[in-house]
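Here the structure comes first, spelled out in structure tokens, and everything after it is commentary.
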Amino acid sequence: MKIAVIGAGKWGQALYSALKINNDCVISSRTKRDIDGFIGLSEALKYDYLLFSISTQMTDEFLSLNFKSNNQKILVASKGIDIISGKFLHEIYAKFSSGDNLAFLSGPSFAIEVMQGLPCALVISSQNKELAQIWASAFPNFIKPYISSDVIGAEICGAYKNVIAIAGGVCAGLGLGQNARASLISRGLVEMARFGEHFGAKSDTFLGLSGAGDLFLSASSELSRNYRVGLGLAKGENLDRILDEIGEVAEGVATARAITKMAQQRVIYTPIANQVVDMLGGKNAKEALKDLLKRQ
């Protein structure tokens, strides 16, 4: 396959390093990078198979300015919910491409381990099973791809787990112990599933790689950018300073705000996400955890 990876951050570079093993693969972004396989954006977007790994909050603008549909087959490797519109990624991409041309990548996967060729399993979700299988065939042997039709479930899992990961980092940063972390993560999974149920997601998705698998990984490791946001909040650091130190997009910050806004509009119970948003706004982390523990 001839594949162009659009987005040259760490995740985009990791996926490029994996896909180039068995495919004719290039990588591109709006900003020129001095990296292997880099080509200009206009040339890359002419490829028949495109993998997008760009910030969720910039996706609508990026596609509006740069993308023209020519029946390209797209795999979306980003995670999150647009904070301005409250739209999921499949809704944003549907403005620019047919649903039959869209697939979405999810599951537990740190970029650094993918670049090292360490084994992992991922999920490719699409309403077009044949397209999902084509994308699955492009991955190297150390990545085991599974196929799902639950696009909205995979999207909610991938977005919401970043919010719970922030809470996980706070829990660790406050030194609350393993019991508290396990309790937080398990209740976070319940909260994710409750939110997903409202949008028609399948319950099994939350127990699989896209849900529990990605959540367990992101909410318990300093390799997670969102987890590191939580560690900083636990120390009482300013959010802008935390994000500057991380130096990359932590999608959970905007996603937490999008989720609580959507939950308020639809009357969905999201206590962990609510407290995360309060902490992002300056609430003391210890007080937030106390309020979470004493909730009804």
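Every chain in the structure tokens has a letter given in the order shown (A, B, ...), and although residue numbers restart at 1 in each chain, ligands are simply numbered from 1 in the order shown.
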> Looking only at the backbone, which of the residues in segment 137-183 of chain A does DSSP tag as helix (DSSP H, G or I), as a ChimeraX atom specification?
Replying inline: /A:137,151-173,178-183
Near segment 279-286 of chain A, counting only C-alpha atoms, which residues have an atom at most 9 Å away, once you skip same-chain residues fewer than 5 positions from it, shown as a PDB file with all heavy atoms, in the first residue's frame?
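So the final result, stored in around-v8.pdb, reads:
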```
ATOM      1  N   VAL A 170      -3.054  12.758  39.223  1.00  0.00           N
ATOM      2  CA  VAL A 170      -3.305  13.486  40.474  1.00  0.00           C
ATOM      3  C   VAL A 170      -3.242  12.523  41.655  1.00  0.00           C
ATOM      4  O   VAL A 170      -2.610  12.805  42.683  1.00  0.00           O
ATOM      5  CB  VAL A 170      -4.675  14.193  40.433  1.00  0.00           C
ATOM      6  CG1 VAL A 170      -5.024  14.759  41.814  1.00  0.00           C
ATOM      7  CG2 VAL A 170      -4.672  15.307  39.390  1.00  0.00           C
ATOM      8  N   CYS A 171      -3.881  11.388  41.506  1.00  0.00           N
ATOM      9  CA  CYS A 171      -3.907  10.369  42.556  1.00  0.00           C
ATOM     10  C   CYS A 171      -2.484   9.942  42.925  1.00  0.00           C
ATOM     11  O   CYS A 171      -2.128   9.850  44.108  1.00  0.00           O
ATOM     12  CB  CYS A 171      -4.724   9.175  42.084  1.00  0.00           C
ATOM     13  SG  CYS A 171      -4.990   7.896  43.317  1.00  0.00           S
ATOM     14  N   LEU A 174      -0.433  12.826  44.629  1.00  0.00           N
ATOM     15  CA  LEU A 174      -0.805  13.073  46.027  1.00  0.00           C
ATOM     16  C   LEU A 174      -0.385  11.933  46.942  1.00  0.00           C
ATOM     17  O   LEU A 174      -0.577  12.004  48.158  1.00  0.00           O
ATOM     18  CB  LEU A 174      -2.317  13.295  46.140  1.00  0.00           C
ATOM     19  CG  LEU A 174      -2.860  14.569  45.486  1.00  0.00           C
ATOM     20  CD1 LEU A 174      -4.393  14.614  45.597  1.00  0.00           C
ATOM     21  CD2 LEU A 174      -2.253  15.820  46.110  1.00  0.00           C
ATOM     22  N   LEU A 233      -0.645  18.936  38.437  1.00  0.00           N
ATOM     23  CA  LEU A 233      -1.756  19.520  39.194  1.00  0.00           C
ATOM     24  C   LEU A 233      -1.661  19.148  40.669  1.00  0.00           C
ATOM     25  O   LEU A 233      -1.968  19.964  41.552  1.00  0.00           O
ATOM     26  CB  LEU A 233      -3.095  19.045  38.620  1.00  0.00           C
ATOM     27  CG  LEU A 233      -3.448  19.540  37.210  1.00  0.00           C
ATOM     28  CD1 LEU A 233      -4.742  18.880  36.734  1.00  0.00           C
ATOM     29  CD2 LEU A 233      -3.597  21.063  37.182  1.00  0.00           C
ATOM     30  N   ALA A 234      -1.236  17.916  40.941  1.00  0.00           N
ATOM     31  CA  ALA A 234      -1.094  17.468  42.328  1.00  0.00           C
ATOM     32  C   ALA A 234      -0.048  18.290  43.075  1.00  0.00           C
ATOM     33  O   ALA A 234      -0.144  18.473  44.299  1.00  0.00           O
ATOM     34  CB  ALA A 234      -0.724  15.991  42.368  1.00  0.00           C
ATOM     35  N   LYS A 235       0.947  18.795  42.351  1.00  0.00           N
ATOM     36  CA  LYS A 235       1.998  19.613  42.963  1.00  0.00           C
ATOM     37  C   LYS A 235       1.585  21.079  43.070  1.00  0.00           C
ATOM     38  O   LYS A 235       2.347  21.902  43.592  1.00  0.00           O
ATOM     39  CB  LYS A 235       3.277  19.519  42.128  1.00  0.00           C
ATOM     40  CG  LYS A 235       3.884  18.132  42.062  1.00  0.00           C
ATOM     41  CD  LYS A 235       5.083  18.123  41.114  1.00  0.00           C
ATOM     42  CE  LYS A 235       5.653  16.726  40.937  1.00  0.00           C
ATOM     43  NZ  LYS A 235       6.762  16.707  39.943  1.00  0.00           N
ATOM     44  N   GLY A 236       0.397  21.404  42.551  1.00  0.00           N
ATOM     45  CA  GLY A 236      -0.071  22.778  42.602  1.00  0.00           C
ATOM     46  C   GLY A 236       0.512  23.667  41.528  1.00  0.00           C
ATOM     47  O   GLY A 236       0.467  24.895  41.626  1.00  0.00           O
ATOM     48  N   ASN A 238       0.957  25.566  37.875  1.00  0.00           N
ATOM     49  CA  ASN A 238       0.082  26.252  36.929  1.00  0.00           C
ATOM     50  C   ASN A 238      -0.082  25.411  35.673  1.00  0.00           C
ATOM     51  O   ASN A 238       0.887  24.835  35.173  1.00  0.00           O
ATOM     52  CB  ASN A 238       0.687  27.617  36.580  1.00  0.00           C
ATOM     53  CG  ASN A 238      -0.097  28.367  35.526  1.00  0.00           C
ATOM     54  OD1 ASN A 238       0.160  28.213  34.330  1.00  0.00           O
ATOM     55  ND2 ASN A 238      -1.046  29.168  35.959  1.00  0.00           N
ATOM     56  N   LEU A 239      -1.307  25.343  35.147  1.00  0.00           N
ATOM     57  CA  LEU A 239      -1.585  24.491  33.984  1.00  0.00           C
ATOM     58  C   LEU A 239      -0.741  24.871  32.778  1.00  0.00           C
ATOM     59  O   LEU A 239      -0.203  23.995  32.088  1.00  0.00           O
ATOM     60  CB  LEU A 239      -3.070  24.551  33.624  1.00  0.00           C
ATOM     61  CG  LEU A 239      -3.494  23.726  32.403  1.00  0.00           C
ATOM     62  CD1 LEU A 239      -3.188  22.246  32.597  1.00  0.00           C
ATOM     63  CD2 LEU A 239      -4.985  23.927  32.111  1.00  0.00           C
ATOM     64  N   VAL A 253      -7.008  17.645  28.374  1.00  0.00           N
ATOM     65  CA  VAL A 253      -7.345  18.954  28.930  1.00  0.00           C
ATOM     66  C   VAL A 253      -8.587  19.519  28.242  1.00  0.00           C
ATOM     67  O   VAL A 253      -9.575  19.879  28.886  1.00  0.00           O
ATOM     68  CB  VAL A 253      -6.149  19.924  28.794  1.00  0.00           C
ATOM     69  CG1 VAL A 253      -6.547  21.330  29.215  1.00  0.00           C
ATOM     70  CG2 VAL A 253      -4.974  19.430  29.633  1.00  0.00           C
ATOM     71  N   ASN A 274     -15.864  16.025  36.039  1.00  0.00           N
ATOM     72  CA  ASN A 274     -16.200  17.316  36.644  1.00  0.00           C
ATOM     73  C   ASN A 274     -15.071  17.818  37.535  1.00  0.00           C
ATOM     74  O   ASN A 274     -14.695  18.993  37.495  1.00  0.00           O
ATOM     75  CB  ASN A 274     -17.487  17.205  37.463  1.00  0.00           C
ATOM     76  CG  ASN A 274     -18.708  16.925  36.604  1.00  0.00           C
ATOM     77  OD1 ASN A 274     -18.663  17.062  35.387  1.00  0.00           O
ATOM     78  ND2 ASN A 274     -19.804  16.534  37.238  1.00  0.00           N
ATOM     79  N   ASP A 291     -13.805  15.905  47.591  1.00  0.00           N
ATOM     80  CA  ASP A 291     -15.169  16.072  47.081  1.00  0.00           C
ATOM     81  C   ASP A 291     -15.604  14.861  46.276  1.00  0.00           C
ATOM     82  O   ASP A 291     -16.771  14.450  46.320  1.00  0.00           O
ATOM     83  CB  ASP A 291     -15.267  17.329  46.231  1.00  0.00           C
ATOM     84  CG  ASP A 291     -15.181  18.609  47.059  1.00  0.00           C
ATOM     85  OD1 ASP A 291     -15.326  18.529  48.295  1.00  0.00           O
ATOM     86  OD2 ASP A 291     -14.950  19.682  46.467  1.00  0.00           O
TER      87      ASP A 291
END
```
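When only C-alpha atoms are used to compute distances to Asp82 of chain A, the closest of the residues A:Ala258, A:Ile21, A:Leu184, A:Val123 turns out to be A:Ala258.
Among the candidate residues A:Leu75, A:Arg187, A:Phe110, A:Ala121, the one lying nearest to Gln133 of chain A is A:Leu75, with distances computed using only C-alpha atoms.
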> Hey, what's within 9 Å of Tyr269 of chain A if we count only C-alpha atoms and toss same-chain stuff fewer than 3 positions away? As a ChimeraX atom specification, please?
Replying inline: /A:191,194-195,263-264
> Between A:Ala111, A:Ala256, A:Ile134, A:Met192, which one has atoms that come closest to Ala154 of chain A, using only C-alpha atoms?
Replying inline: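 Going through A:Ala111, A:Ala256, A:Ile134, A:Met192 one by one, the smallest distance to Ala154 of chain A is for A:Met192.
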> Pick from A:Val276, A:Asp100, A:Arg228, A:Lys161: nearest to Glu248 of chain A, with only C-alpha atoms counted?
Replying inline: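 Looking only at the distances to Glu248 of chain A, the closest residue turns out to be A:Arg228.
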> Which one is closest to Leu105 of chain A: A:Val76, A:Ala159, A:Ala254, A:Ile164? Count only C-alpha atoms.
Replying inline: A:Val76
> How would you write, as a list of chain:residue names, the set of residues in segment 98-288 of chain A that DSSP gives as strand (DSSP E or B)?
Replying inline: A:Leu102, A:Ala103, A:Phe104, A:Leu105, A:Ser106, A:Cys120, A:Ala121, A:Leu122, A:Val123, A:Ile124, A:Ser125, A:Ile143, A:Lys144, A:Pro145, A:Tyr146, A:Ile147, A:Ser148
>> I want to know what sits within 6 Å of segment 143-152 of chain A, based on only C-alpha atoms, with residues of the same chain fewer than 6 positions away left out; could you give that as an MDAnalysis selection string?
In response: chainID A and resid 119:127 136 201
So which residues touch segment 44-56 of chain A within 6 Å, counting only C-alpha atoms, skipping near sequence neighbours fewer than 3 positions away, as a compact mmCIF listing (two decimals) with N, CA, C and O atoms, in the first residue's frame?
```txt
# COMPACT_ATOMS: atom_id res chain seq x y z
N ILE A 3 0.95 4.78 1.52
CA ILE A 3 0.31 5.44 2.66
C ILE A 3 1.05 6.72 2.99
O ILE A 3 2.28 6.75 3.03
N ALA A 4 0.30 7.79 3.24
CA ALA A 4 0.88 9.03 3.73
C ALA A 4 0.36 9.28 5.15
O ALA A 4 -0.86 9.31 5.37
N VAL A 5 1.28 9.43 6.09
CA VAL A 5 0.92 9.79 7.46
C VAL A 5 0.91 11.31 7.55
O VAL A 5 1.92 11.97 7.26
N ILE A 6 -0.22 11.86 7.96
CA ILE A 6 -0.36 13.31 8.06
C ILE A 6 -0.32 13.69 9.55
O ILE A 6 -1.23 13.36 10.31
N GLY A 7 0.74 14.36 9.93
CA GLY A 7 0.97 14.69 11.34
C GLY A 7 2.28 14.06 11.78
O GLY A 7 2.39 12.83 11.83
N GLY A 12 2.48 10.25 15.22
CA GLY A 12 2.56 10.13 13.77
C GLY A 12 3.87 9.48 13.33
O GLY A 12 3.88 8.61 12.46
N LEU A 41 3.21 18.65 2.19
CA LEU A 41 1.83 18.32 2.54
C LEU A 41 0.93 18.15 1.32
O LEU A 41 0.14 17.20 1.25
N THR A 59 -8.36 19.78 14.00
CA THR A 59 -8.75 18.94 12.87
C THR A 59 -9.67 19.64 11.89
O THR A 59 -9.44 19.62 10.66
N GLN A 72 -10.13 9.21 -1.03
CA GLN A 72 -9.04 8.64 -0.24
C GLN A 72 -9.60 7.79 0.90
O GLN A 72 -10.66 8.06 1.44
N LYS A 73 -8.83 6.76 1.24
CA LYS A 73 -9.19 5.88 2.35
C LYS A 73 -8.43 6.37 3.59
O LYS A 73 -7.20 6.42 3.59
N ILE A 74 -9.17 6.73 4.63
CA ILE A 74 -8.60 7.45 5.76
C ILE A 74 -8.63 6.62 7.04
O ILE A 74 -9.65 6.00 7.38
N LEU A 75 -7.51 6.62 7.75
CA LEU A 75 -7.44 6.05 9.09
C LEU A 75 -7.12 7.18 10.06
O LEU A 75 -6.08 7.84 9.93
N VAL A 76 -8.00 7.42 11.01
CA VAL A 76 -7.82 8.51 11.97
C VAL A 76 -7.17 7.95 13.24
O VAL A 76 -7.72 7.06 13.88
N ALA A 77 -6.01 8.49 13.58
CA ALA A 77 -5.27 8.00 14.74
C ALA A 77 -5.28 9.00 15.90
O ALA A 77 -4.55 8.84 16.87
N SER A 78 -6.11 10.03 15.80
CA SER A 78 -6.23 11.03 16.87
C SER A 78 -7.32 10.60 17.84
O SER A 78 -8.16 9.75 17.53
N GLY A 80 -10.06 12.36 20.94
CA GLY A 80 -10.55 13.55 21.61
C GLY A 80 -11.90 13.98 21.08
O GLY A 80 -12.47 13.37 20.17
```
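In this model, the gap between atom CA of Thr205 of chain A and atom CA of Ala8 of chain A comes to 28.7 Å.
With distances restricted to only C-alpha atoms, A:Lys10 is the closest residue to Leu223 of chain A from A:Lys129, A:Arg181, A:Lys68, A:Lys10.
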> Using only C-alpha atoms, which residues sit within 12 Å of Lys32 of chain A once same-chain residues fewer than 2 positions away are excluded, as number ranges by chain?
Replying inline: A: 6-9, 27-30, 34-42
> Could you work out how far atom CA of Asp278 of chain A lies from atom CA of Asn226 of chain A, giving the answer in Å with one decimal?
Replying inline: 15.5 Å
